[in-house]
>>> print(open('final_20.pdb').read())   # PDB, C-alpha atoms
ATOM      1  CA  MET A   1       0.000   0.000   0.000
ATOM      2  CA  GLY A   2       1.308   3.441  -0.902
ATOM      3  CA  ILE A   3       2.082   6.126   1.604
ATOM      4  CA  LEU A   4      -0.915   8.257   0.588
ATOM      5  CA  ALA A   5      -3.248   5.280   1.029
ATOM      6  CA  LYS A   6      -1.741   4.608   4.456
ATOM      7  CA  LEU A   7      -2.146   8.266   5.336
ATOM      8  CA  TRP A   8      -5.775   8.264   4.151
ATOM      9  CA  HIS A   9      -6.611   5.147   6.181
ATOM     10  CA  GLY A  10      -4.928   6.516   9.310
ATOM     11  CA  GLU A  11      -2.292   3.795   9.291
ATOM     12  CA  LEU A  12       0.657   6.136   9.786
ATOM     13  CA  PRO A  13       1.588   7.125  13.343
ATOM     14  CA  LEU A  14      -0.175  10.210  14.636
ATOM     15  CA  TYR A  15       3.046  12.174  15.104
ATOM     16  CA  ILE A  16       4.055  11.628  11.465
ATOM     17  CA  THR A  17       0.578  12.466  10.197
ATOM     18  CA  PHE A  18       0.384  15.631  12.280
ATOM     19  CA  TRP A  19       3.936  16.988  12.189
ATOM     20  CA  PHE A  20       5.183  15.914   8.772
ATOM     21  CA  PHE A  21       2.084  15.846   6.602
ATOM     22  CA  GLY A  22      -0.007  18.353   8.535
ATOM     23  CA  MET A  23       2.510  20.942   9.607
ATOM     24  CA  ILE A  24       5.542  20.700   7.296
ATOM     25  CA  ILE A  25       3.854  19.758   4.014
ATOM     26  CA  GLY A  26       0.834  21.902   4.904
ATOM     27  CA  THR A  27       3.072  24.925   5.508
ATOM     28  CA  VAL A  28       4.887  24.407   2.198
ATOM     29  CA  ILE A  29       1.564  24.238   0.359
ATOM     30  CA  SER A  30       0.322  27.300   2.228
ATOM     31  CA  ILE A  31       3.438  29.276   1.265
ATOM     32  CA  CYS A  32       3.028  28.227  -2.375
ATOM     33  CA  VAL A  33      -0.648  29.203  -2.359
ATOM     34  CA  ASN A  34       0.156  32.607  -0.877
ATOM     35  CA  THR A  35       3.056  33.161  -3.255
ATOM     36  CA  TYR A  36       1.575  31.806  -6.484
ATOM     37  CA  GLY A  37      -2.150  31.822  -5.794
ATOM     38  CA  PHE A  38      -2.942  35.047  -4.001
ATOM     39  CA  GLU A  39      -0.033  37.453  -4.247
ATOM     40  CA  ALA A  40       1.283  36.749  -7.745
ATOM     41  CA  GLU A  41      -0.009  39.514  -9.964
ATOM     42  CA  HIS A  42       1.614  38.234 -13.138
ATOM     43  CA  THR A  43       0.659  34.588 -12.726
ATOM     44  CA  ALA A  44      -1.945  33.111 -15.048
ATOM     45  CA  ASN A  45      -5.368  32.592 -13.493
ATOM     46  CA  THR A  46      -5.240  28.855 -14.220
ATOM     47  CA  VAL A  47      -2.016  28.529 -12.222
ATOM     48  CA  ARG A  48      -3.467  30.585  -9.387
ATOM     49  CA  PHE A  49      -6.627  28.496  -9.338
ATOM     50  CA  GLY A  50      -4.538  25.319  -9.494
ATOM     51  CA  TRP A  51      -2.652  26.217  -6.322
ATOM     52  CA  VAL A  52      -5.809  27.224  -4.485
ATOM     53  CA  PHE A  53      -7.582  24.027  -5.586
ATOM     54  CA  THR A  54      -4.568  21.948  -4.517
ATOM     55  CA  ALA A  55      -4.680  23.549  -1.069
ATOM     56  CA  LEU A  56      -8.405  22.863  -0.810
ATOM     57  CA  ILE A  57      -8.014  19.187  -1.734
ATOM     58  CA  TYR A  58      -5.023  18.763   0.586
ATOM     59  CA  THR A  59      -6.855  20.365   3.503
ATOM     60  CA  GLY A  60      -9.831  18.055   3.079
ATOM     61  CA  PHE A  61      -7.525  15.050   2.725
ATOM     62  CA  MET A  62      -5.653  15.966   5.900
ATOM     63  CA  CYS A  63      -8.878  16.418   7.889
ATOM     64  CA  VAL A  64      -9.778  12.808   7.205
ATOM     65  CA  ALA A  65      -6.231  11.441   7.558
ATOM     66  CA  LEU A  66      -5.617  13.182  10.866
ATOM     67  CA  TRP A  67      -8.961  12.117  12.332
ATOM     68  CA  ARG A  68      -8.414   8.489  11.338
ATOM     69  CA  SER A  69      -4.867   8.489  12.670
ATOM     70  CA  ALA A  70      -6.122   9.914  15.966
ATOM     71  CA  ASP A  71      -8.721   7.120  16.120
ATOM     72  CA  LYS A  72      -5.967   4.514  15.915
ATOM     73  CA  TYR A  73      -3.577   6.241  18.327
ATOM     74  CA  LYS A  74      -2.710   4.044  21.326
ATOM     75  CA  GLY A  75      -0.791   6.542  23.456
ATOM     76  CA  ALA A  76      -1.962   9.128  25.961
ATOM     77  CA  PRO A  77      -5.578  10.093  25.216
ATOM     78  CA  ILE A  78      -4.799  13.815  25.357
ATOM     79  CA  TRP A  79      -2.887  13.630  22.052
ATOM     80  CA  SER A  80      -5.737  11.893  20.295
ATOM     81  CA  ILE A  81      -8.210  14.445  21.653
ATOM     82  CA  CYS A  82      -5.979  17.362  20.628
ATOM     83  CA  ALA A  83      -5.506  15.898  17.137
ATOM     84  CA  ARG A  84      -9.261  15.507  16.709
ATOM     85  CA  PHE A  85      -9.822  19.046  17.940
ATOM     86  CA  TYR A  86      -7.261  20.330  15.443
ATOM     87  CA  SER A  87      -8.886  18.234  12.714
ATOM     88  CA  ALA A  88     -12.280  19.778  13.525
ATOM     89  CA  ILE A  89     -10.787  23.281  13.314
ATOM     90  CA  LEU A  90      -9.099  22.301  10.046
ATOM     91  CA  PHE A  91     -12.452  21.085   8.715
ATOM     92  CA  MET A  92     -14.086  24.426   9.559
ATOM     93  CA  SER A  93     -11.248  26.136   7.718
ATOM     94  CA  PHE A  94     -11.812  23.769   4.792
ATOM     95  CA  VAL A  95     -15.513  24.670   4.612
ATOM     96  CA  SER A  96     -14.764  28.388   4.842
ATOM     97  CA  PHE A  97     -12.079  28.069   2.158
ATOM     98  CA  ALA A  98     -14.464  26.136  -0.118
ATOM     99  CA  VAL A  99     -17.154  28.806   0.279
ATOM    100  CA  ASP A 100     -14.623  31.521  -0.598
ATOM    101  CA  ILE A 101     -13.593  29.623  -3.728
ATOM    102  CA  ILE A 102     -17.211  29.220  -4.787
ATOM    103  CA  LYS A 103     -17.703  32.984  -4.336
ATOM    104  CA  PHE A 104     -14.553  33.594  -6.398
ATOM    105  CA  LEU A 105     -15.891  31.543  -9.300
TER     106      LEU A 105
END
>>> encode(input="final_20.pdb", output="structure tokens")
Amino acid sequence: MGILAKLWHGELPLYITFWFFGMIIGTVISICVNTYGFEAEHTANTVRFGWVFTALIYTGFMCVALWRSADKYKGAPIWSICARFYSAILFMSFVSFAVDIIKFL
């Protein structure tokens, strides 16, 4: 099974899902979206939309992956609870972001 499938099914450890895929990769995507999607005046609209759409898909993917990883976490319950709380906040951000994109179209 590929790493994205493992991530989707929550089969990667919570700390890898949260810190690597959520924080590090999420930050890189966020920087790219801000640089090429929102602040780039001379970038084609298709490229701008592509970055924003990528961020939207990734955010939704990470909501599910993080929640599922937290479900399978066997350590201290506080970390699972915190991860689920963060996932819920991320989902609200996802919905807000999706509504903004729909308004943009």
>>> residues_near_point(input="final_20.pdb", point="(-2.7, 11.0, 15.9)", cutoff="7 Å", atoms="all atoms listed in the file", output="MDAnalysis selection string")
chainID A and resid 13:15 17:18 66 69:70 73 79:80 83
>>> write_last_selection(input="final_20.pdb", atoms="C-alpha atoms", output="PDB file, keeping the file's coordinate frame")
ATOM      1  CA  PRO A  13       1.588   7.125  13.343  1.00  0.00           C
ATOM      2  CA  LEU A  14      -0.175  10.210  14.636  1.00  0.00           C
ATOM      3  CA  TYR A  15       3.046  12.174  15.104  1.00  0.00           C
ATOM      4  CA  THR A  17       0.578  12.466  10.197  1.00  0.00           C
ATOM      5  CA  PHE A  18       0.384  15.631  12.280  1.00  0.00           C
ATOM      6  CA  LEU A  66      -5.617  13.182  10.866  1.00  0.00           C
ATOM      7  CA  SER A  69      -4.867   8.489  12.670  1.00  0.00           C
ATOM      8  CA  ALA A  70      -6.122   9.914  15.966  1.00  0.00           C
ATOM      9  CA  TYR A  73      -3.577   6.241  18.327  1.00  0.00           C
ATOM     10  CA  TRP A  79      -2.887  13.630  22.052  1.00  0.00           C
ATOM     11  CA  SER A  80      -5.737  11.893  20.295  1.00  0.00           C
ATOM     12  CA  ALA A  83      -5.506  15.898  17.137  1.00  0.00           C
TER      13      ALA A  83
END
>>> resolve_selection(input="final_20.pdb", expression="the PyMOL selection byres ((chain A and resi 52-61) around 10)", output="PyMOL selection string")
chain A and resi 4+7-8+21-22+25-26+29-30+32-34+36-38+46-51+62-66+87+90-91+93-95+97-98+101
>>> atom_distance(input="final_20.pdb", atom1="CA of Lys72 in chain A", atom2="CA of His9 in chain A")
9.8 Å
>>> closest_residue(input="final_20.pdb", among="A:Ala44, A:Lys6, A:Arg68, A:Ser96", to="Arg84 in chain A", atoms="only C-alpha atoms")
A:Arg68
>>> atom_distance(input="final_20.pdb", atom1="CA of Phe85 in chain A", atom2="CA of Ile16 in chain A")
17.0 Å
>>> atom_distance(input="final_20.pdb", atom1="CA of Asp71 in chain A", atom2="CA of Leu12 in chain A")
11.4 Å
>>> closest_residue(input="final_20.pdb", among="A:Met23, A:Gly2, A:Gly10, A:Trp67", to="Ala88 in chain A", atoms="only C-alpha atoms")
A:Trp67
